[in-house]
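Raw target.pdb, PDB, C-alpha atoms:
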```pdb
ATOM      1  CA  MET A 178    -117.435  25.072 -60.160  1.00  0.00           C
ATOM      2  CA  ASN A 179    -118.243  25.504 -63.848  1.00  0.00           C
ATOM      3  CA  ASP A 180    -118.567  28.761 -65.789  1.00  0.00           C
ATOM      4  CA  ALA A 181    -122.357  28.738 -65.664  1.00  0.00           C
ATOM      5  CA  SER A 182    -122.275  29.245 -61.898  1.00  0.00           C
ATOM      6  CA  TYR A 183    -120.386  32.576 -62.028  1.00  0.00           C
ATOM      7  CA  ARG A 184    -123.027  35.174 -61.229  1.00  0.00           C
ATOM      8  CA  ARG A 185    -121.076  37.778 -59.232  1.00  0.00           C
ATOM      9  CA  ILE A 186    -117.547  38.669 -60.323  1.00  0.00           C
ATOM     10  CA  LEU A 187    -115.431  40.754 -57.957  1.00  0.00           C
ATOM     11  CA  VAL A 188    -112.791  42.668 -59.923  1.00  0.00           C
ATOM     12  CA  VAL A 189    -109.865  43.766 -57.761  1.00  0.00           C
ATOM     13  CA  VAL A 190    -107.792  46.643 -59.139  1.00  0.00           C
ATOM     14  CA  ASP A 191    -104.974  48.824 -57.853  1.00  0.00           C
ATOM     15  CA  LEU A 192    -106.020  51.742 -60.105  1.00  0.00           C
ATOM     16  CA  ARG A 193    -102.728  51.778 -61.994  1.00  0.00           C
ATOM     17  CA  GLU A 194    -102.456  51.689 -65.786  1.00  0.00           C
ATOM     18  CA  ASP A 195    -103.047  47.932 -65.963  1.00  0.00           C
ATOM     19  CA  SER A 196    -106.404  48.149 -64.182  1.00  0.00           C
ATOM     20  CA  LEU A 197    -108.213  48.823 -67.466  1.00  0.00           C
ATOM     21  CA  PRO A 198    -107.038  45.637 -69.257  1.00  0.00           C
ATOM     22  CA  ILE A 199    -107.762  43.567 -66.142  1.00  0.00           C
ATOM     23  CA  GLY A 200    -111.222  45.124 -65.915  1.00  0.00           C
ATOM     24  CA  ARG A 201    -111.833  44.488 -69.611  1.00  0.00           C
ATOM     25  CA  HIS A 202    -111.119  40.771 -69.148  1.00  0.00           C
ATOM     26  CA  ALA A 203    -113.589  40.624 -66.278  1.00  0.00           C
ATOM     27  CA  ALA A 204    -116.268  42.718 -68.018  1.00  0.00           C
ATOM     28  CA  THR A 205    -116.052  40.592 -71.167  1.00  0.00           C
ATOM     29  CA  LEU A 206    -116.347  37.408 -69.127  1.00  0.00           C
ATOM     30  CA  ALA A 207    -119.291  38.843 -67.178  1.00  0.00           C
ATOM     31  CA  ARG A 208    -121.143  39.809 -70.362  1.00  0.00           C
ATOM     32  CA  ARG A 209    -120.646  36.333 -71.832  1.00  0.00           C
ATOM     33  CA  LEU A 210    -121.900  34.672 -68.668  1.00  0.00           C
ATOM     34  CA  GLY A 211    -124.634  37.142 -67.787  1.00  0.00           C
ATOM     35  CA  ALA A 212    -122.848  37.836 -64.487  1.00  0.00           C
ATOM     36  CA  GLU A 213    -122.746  40.964 -62.360  1.00  0.00           C
ATOM     37  CA  VAL A 214    -119.485  42.883 -61.964  1.00  0.00           C
ATOM     38  CA  GLU A 215    -118.390  44.549 -58.748  1.00  0.00           C
ATOM     39  CA  LEU A 216    -115.171  46.561 -58.481  1.00  0.00           C
ATOM     40  CA  LEU A 217    -112.897  46.656 -55.442  1.00  0.00           C
ATOM     41  CA  HIS A 218    -109.882  48.772 -54.558  1.00  0.00           C
ATOM     42  CA  VAL A 219    -108.129  48.498 -51.213  1.00  0.00           C
ATOM     43  CA  VAL A 220    -106.151  51.393 -49.784  1.00  0.00           C
ATOM     44  CA  GLU A 221    -103.481  50.107 -47.439  1.00  0.00           C
ATOM     45  CA  LEU A 222    -102.958  52.866 -44.901  1.00  0.00           C
ATOM     46  CA  LEU A 223     -99.815  53.141 -42.827  1.00  0.00           C
ATOM     47  CA  PRO A 224    -100.207  53.315 -39.039  1.00  0.00           C
ATOM     48  CA  VAL A 225     -99.126  56.576 -37.416  1.00  0.00           C
ATOM     49  CA  GLU A 226     -98.291  57.661 -33.910  1.00  0.00           C
ATOM     50  CA  PRO A 227    -101.384  59.122 -32.246  1.00  0.00           C
ATOM     51  CA  MET A 228     -99.943  62.641 -31.858  1.00  0.00           C
ATOM     52  CA  ALA A 229    -102.464  65.428 -32.380  1.00  0.00           C
ATOM     53  CA  GLU A 230    -100.868  67.337 -35.295  1.00  0.00           C
ATOM     54  CA  THR A 231     -99.672  64.236 -37.130  1.00  0.00           C
ATOM     55  CA  LEU A 232    -102.961  62.411 -36.627  1.00  0.00           C
ATOM     56  CA  ILE A 233    -105.066  65.265 -38.044  1.00  0.00           C
ATOM     57  CA  ALA A 234    -102.864  65.547 -41.141  1.00  0.00           C
ATOM     58  CA  THR A 235    -102.907  61.779 -41.592  1.00  0.00           C
ATOM     59  CA  VAL A 236    -106.708  61.572 -41.322  1.00  0.00           C
ATOM     60  CA  ARG A 237    -106.989  64.273 -43.990  1.00  0.00           C
ATOM     61  CA  ILE A 238    -104.580  62.408 -46.277  1.00  0.00           C
ATOM     62  CA  GLU A 239    -106.431  59.120 -45.706  1.00  0.00           C
ATOM     63  CA  ASP A 240    -109.766  60.745 -46.541  1.00  0.00           C
ATOM     64  CA  GLU A 241    -108.265  62.180 -49.734  1.00  0.00           C
ATOM     65  CA  LEU A 242    -106.831  58.791 -50.725  1.00  0.00           C
ATOM     66  CA  LEU A 243    -110.192  57.099 -50.195  1.00  0.00           C
ATOM     67  CA  GLU A 244    -112.029  59.807 -52.156  1.00  0.00           C
ATOM     68  CA  GLN A 245    -109.511  59.577 -55.024  1.00  0.00           C
ATOM     69  CA  ALA A 246    -109.972  55.809 -55.065  1.00  0.00           C
ATOM     70  CA  ARG A 247    -113.777  56.169 -55.229  1.00  0.00           C
ATOM     71  CA  ALA A 248    -113.458  58.574 -58.148  1.00  0.00           C
ATOM     72  CA  GLY A 249    -110.946  56.283 -59.868  1.00  0.00           C
ATOM     73  CA  LEU A 250    -113.222  53.256 -59.514  1.00  0.00           C
ATOM     74  CA  ALA A 251    -116.220  55.184 -60.840  1.00  0.00           C
ATOM     75  CA  GLU A 252    -114.162  56.308 -63.848  1.00  0.00           C
ATOM     76  CA  LEU A 253    -112.934  52.754 -64.465  1.00  0.00           C
ATOM     77  CA  ALA A 254    -116.494  51.406 -64.245  1.00  0.00           C
ATOM     78  CA  ALA A 255    -117.581  53.935 -66.878  1.00  0.00           C
ATOM     79  CA  GLN A 256    -114.663  52.991 -69.160  1.00  0.00           C
ATOM     80  CA  LEU A 257    -115.629  49.321 -68.828  1.00  0.00           C
ATOM     81  CA  GLY A 258    -119.268  50.009 -69.672  1.00  0.00           C
ATOM     82  CA  VAL A 259    -120.463  48.943 -66.208  1.00  0.00           C
ATOM     83  CA  ALA A 260    -121.138  52.409 -64.780  1.00  0.00           C
ATOM     84  CA  GLY A 261    -123.916  51.129 -62.495  1.00  0.00           C
ATOM     85  CA  ALA A 262    -121.756  48.393 -60.981  1.00  0.00           C
ATOM     86  CA  PRO A 263    -121.131  48.472 -57.236  1.00  0.00           C
ATOM     87  CA  CYS A 264    -117.706  49.975 -56.471  1.00  0.00           C
ATOM     88  CA  TRP A 265    -116.096  49.195 -53.140  1.00  0.00           C
ATOM     89  CA  VAL A 266    -113.202  51.129 -51.623  1.00  0.00           C
ATOM     90  CA  GLU A 267    -111.900  49.559 -48.450  1.00  0.00           C
ATOM     91  CA  SER A 268    -108.940  50.356 -46.245  1.00  0.00           C
ATOM     92  CA  GLY A 269    -106.752  47.865 -44.459  1.00  0.00           C
ATOM     93  CA  ASN A 270    -104.606  44.905 -45.358  1.00  0.00           C
ATOM     94  CA  VAL A 271    -105.067  44.338 -49.094  1.00  0.00           C
ATOM     95  CA  LYS A 272    -105.022  40.545 -48.953  1.00  0.00           C
ATOM     96  CA  ALA A 273    -107.394  40.292 -45.990  1.00  0.00           C
ATOM     97  CA  GLU A 274    -109.817  42.883 -47.384  1.00  0.00           C
ATOM     98  CA  ILE A 275    -110.100  41.145 -50.759  1.00  0.00           C
ATOM     99  CA  VAL A 276    -111.024  37.871 -49.073  1.00  0.00           C
ATOM    100  CA  ARG A 277    -113.373  39.613 -46.614  1.00  0.00           C
ATOM    101  CA  VAL A 278    -115.235  41.521 -49.335  1.00  0.00           C
ATOM    102  CA  ALA A 279    -115.464  38.416 -51.536  1.00  0.00           C
ATOM    103  CA  ARG A 280    -117.114  36.560 -48.657  1.00  0.00           C
ATOM    104  CA  LYS A 281    -119.387  39.453 -47.699  1.00  0.00           C
ATOM    105  CA  ARG A 282    -120.514  40.044 -51.303  1.00  0.00           C
ATOM    106  CA  ARG A 283    -120.786  36.300 -52.003  1.00  0.00           C
ATOM    107  CA  ALA A 284    -118.559  36.551 -55.059  1.00  0.00           C
ATOM    108  CA  ASP A 285    -118.398  33.501 -57.299  1.00  0.00           C
ATOM    109  CA  LEU A 286    -115.173  34.636 -58.955  1.00  0.00           C
ATOM    110  CA  ILE A 287    -112.406  37.077 -58.050  1.00  0.00           C
ATOM    111  CA  VAL A 288    -110.495  38.620 -60.965  1.00  0.00           C
ATOM    112  CA  LEU A 289    -107.204  40.317 -60.177  1.00  0.00           C
ATOM    113  CA  GLY A 290    -103.874  41.124 -61.767  1.00  0.00           C
ATOM    114  CA  SER A 291    -100.856  38.866 -61.588  1.00  0.00           C
ATOM    115  CA  ARG A 292     -97.236  39.943 -61.808  1.00  0.00           C
ATOM    116  CA  GLU A 293     -94.605  37.976 -63.638  1.00  0.00           C
ATOM    117  CA  ARG A 294     -91.847  36.980 -61.215  1.00  0.00           C
ATOM    118  CA  HIS A 295     -88.244  35.986 -61.675  1.00  0.00           C
ATOM    119  CA  GLY A 296     -85.301  35.165 -59.425  1.00  0.00           C
ATOM    120  CA  MET A 297     -85.682  36.002 -55.744  1.00  0.00           C
ATOM    121  CA  SER A 298     -89.089  37.603 -56.273  1.00  0.00           C
ATOM    122  CA  ILE A 299     -90.504  34.080 -56.580  1.00  0.00           C
ATOM    123  CA  LEU A 300     -90.062  33.829 -52.805  1.00  0.00           C
ATOM    124  CA  VAL A 301     -92.279  36.854 -52.110  1.00  0.00           C
ATOM    125  CA  ASN A 302     -95.865  36.122 -51.110  1.00  0.00           C
ATOM    126  CA  LEU A 303     -97.786  38.406 -53.450  1.00  0.00           C
ATOM    127  CA  THR A 304    -101.421  39.364 -53.066  1.00  0.00           C
ATOM    128  CA  GLU A 305    -102.604  36.977 -55.779  1.00  0.00           C
ATOM    129  CA  ASP A 306    -100.920  34.039 -54.003  1.00  0.00           C
ATOM    130  CA  THR A 307    -102.626  34.736 -50.696  1.00  0.00           C
ATOM    131  CA  VAL A 308    -106.003  35.414 -52.295  1.00  0.00           C
ATOM    132  CA  LEU A 309    -105.783  32.230 -54.354  1.00  0.00           C
ATOM    133  CA  HIS A 310    -105.374  30.112 -51.237  1.00  0.00           C
ATOM    134  CA  ALA A 311    -107.713  32.009 -48.904  1.00  0.00           C
ATOM    135  CA  ALA A 312    -110.560  32.966 -51.238  1.00  0.00           C
ATOM    136  CA  PRO A 313    -114.043  31.544 -50.714  1.00  0.00           C
ATOM    137  CA  CYS A 314    -114.446  31.197 -54.496  1.00  0.00           C
ATOM    138  CA  ASP A 315    -112.514  30.740 -57.733  1.00  0.00           C
ATOM    139  CA  VAL A 316    -109.770  33.205 -58.616  1.00  0.00           C
ATOM    140  CA  LEU A 317    -108.760  34.331 -62.103  1.00  0.00           C
ATOM    141  CA  ALA A 318    -105.338  35.973 -62.240  1.00  0.00           C
ATOM    142  CA  VAL A 319    -104.930  38.140 -65.348  1.00  0.00           C
ATOM    143  CA  ARG A 320    -101.349  38.716 -66.420  1.00  0.00           C
ATOM    144  CA  ARG A 321    -100.413  42.349 -66.020  1.00  0.00           C
ATOM    145  CA  VAL A 322     -99.043  44.409 -68.884  1.00  0.00           C
ATOM    146  CA  ARG A 323     -95.290  44.142 -69.288  1.00  0.00           C
ATOM    147  CA  ARG A 324     -93.134  47.260 -69.271  1.00  0.00           C
ATOM    148  CA  SER A 325     -92.449  46.929 -72.995  1.00  0.00           C
ATOM    149  CA  GLY A 326     -96.147  47.587 -73.555  1.00  0.00           C
ATOM    150  CA  ALA A 327     -96.984  44.093 -74.800  1.00  0.00           C
ATOM    151  CA  THR A 328     -99.213  41.871 -72.738  1.00  0.00           C
ATOM    152  CA  ALA A 329     -98.060  38.482 -71.576  1.00  0.00           C
ATOM    153  CA  GLU A 330    -100.685  36.944 -73.846  1.00  0.00           C
ATOM    154  CA  SER A 331     -99.374  38.470 -77.056  1.00  0.00           C
TER     155      SER A 331
END
```
Represent the structure contained in this file as structure tokens.
Amino acid sequence: MNDASYRRILVVVDLREDSLPIGRHAATLARRLGAEVELLHVVELLPVEPMAETLIATVRIEDELLEQARAGLAELAAQLGVAGAPCWVESGNVKAEIVRVARKRRADLIVLGSRERHGMSILVNLTEDTVLHAAPCDVLAVRRVRRSGATAES
């Protein structure tokens, strides 16, 4: 697939501090290509025992997490200059939801962050690895900001 065929770019963010630089990469690419941007955040909820008191508190917490994520995505979209872009907040397994939403939205490109790994962490199957192999489209992994504050590209 060549660049000219990217029309819908799905930007996956975890709403941490490195979401803005990842979003900027995607927004810049979208502007250059005349593509649409859609933002996605997945909230991975922990299963709980179905006891009445615990379940009610958990449902409230889950609703708050989803609402915070919606607000965070809307704020990120505004910062990226794509305030009208569709923002999707899903709950479930992060890896599976990214692939599912990419298929459902017919994304041509998924943009997500990539962590630098060393030592034993190389053996861990990170989200970007799974998405890369399961995605219905191309995947662009943007290096995340290092702790020192410099990006991996500088």
- Query: Any idea what's packed within 9 Å of stretch 265-271 of chain A, counting all atoms listed in the file, ignoring anything in its chain fewer than 3 positions away? Could you give it as a list in words?
  - Reply: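 Answer for this query is Glu215, Leu216, Leu217, His218, Val219, Val220, Glu221, Leu222, Leu223, Leu243, Glu244, Ala246, Arg247, Leu250, Glu274, Ile275, Val276, Val278 and Thr304 of chain A.
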- Task: Tell me, as a PyMOL selection string, which residues lie within 10 Å of A:Arg184, counting all atoms listed in the file; anything in the same chain fewer than 6 positions away does not count.
- Result: chain A and resi 207+210-214+283-286
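Taking atom CA of A:Ile186 and atom CA of A:Ile287 as endpoints, the distance between them is 5.8 Å.
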- Excluding A:Gly290 and any residue of its chain fewer than 6 positions from it, enumerate the residues within 7 Å of it, using all atoms listed in the file, and give them as a ChimeraX atom specification. /A:199,318-321
- Message: Taking 4 positions as the minimum chain separation for residues in the same chain, which residues sit within 8 Å of stretch 255-258 of chain A when counting all atoms listed in the file? Answer as a ChimeraX atom specification.
- Response: /A:197,200-201,204,251
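One finds atom CA of A:Glu241 at 14.9 Å from atom CA of A:Leu192.
The interatomic distance for the pair atom CA of A:Ala254 and atom CA of A:Leu206 works out to 14.8 Å.
For the residues A:Arg208, A:Pro313, A:Val188, A:Ile238, ranking by smallest atom-to-atom distance to A:Arg277 using only C-alpha atoms places A:Pro313 first.
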- Message: Using only C-alpha atoms, can you tell me which of A:Ala311, A:Val288, A:Val189, A:Lys281 comes closest to A:Ala203?
- Response: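 Distance minimum relative to A:Ala203 lands on A:Val288.
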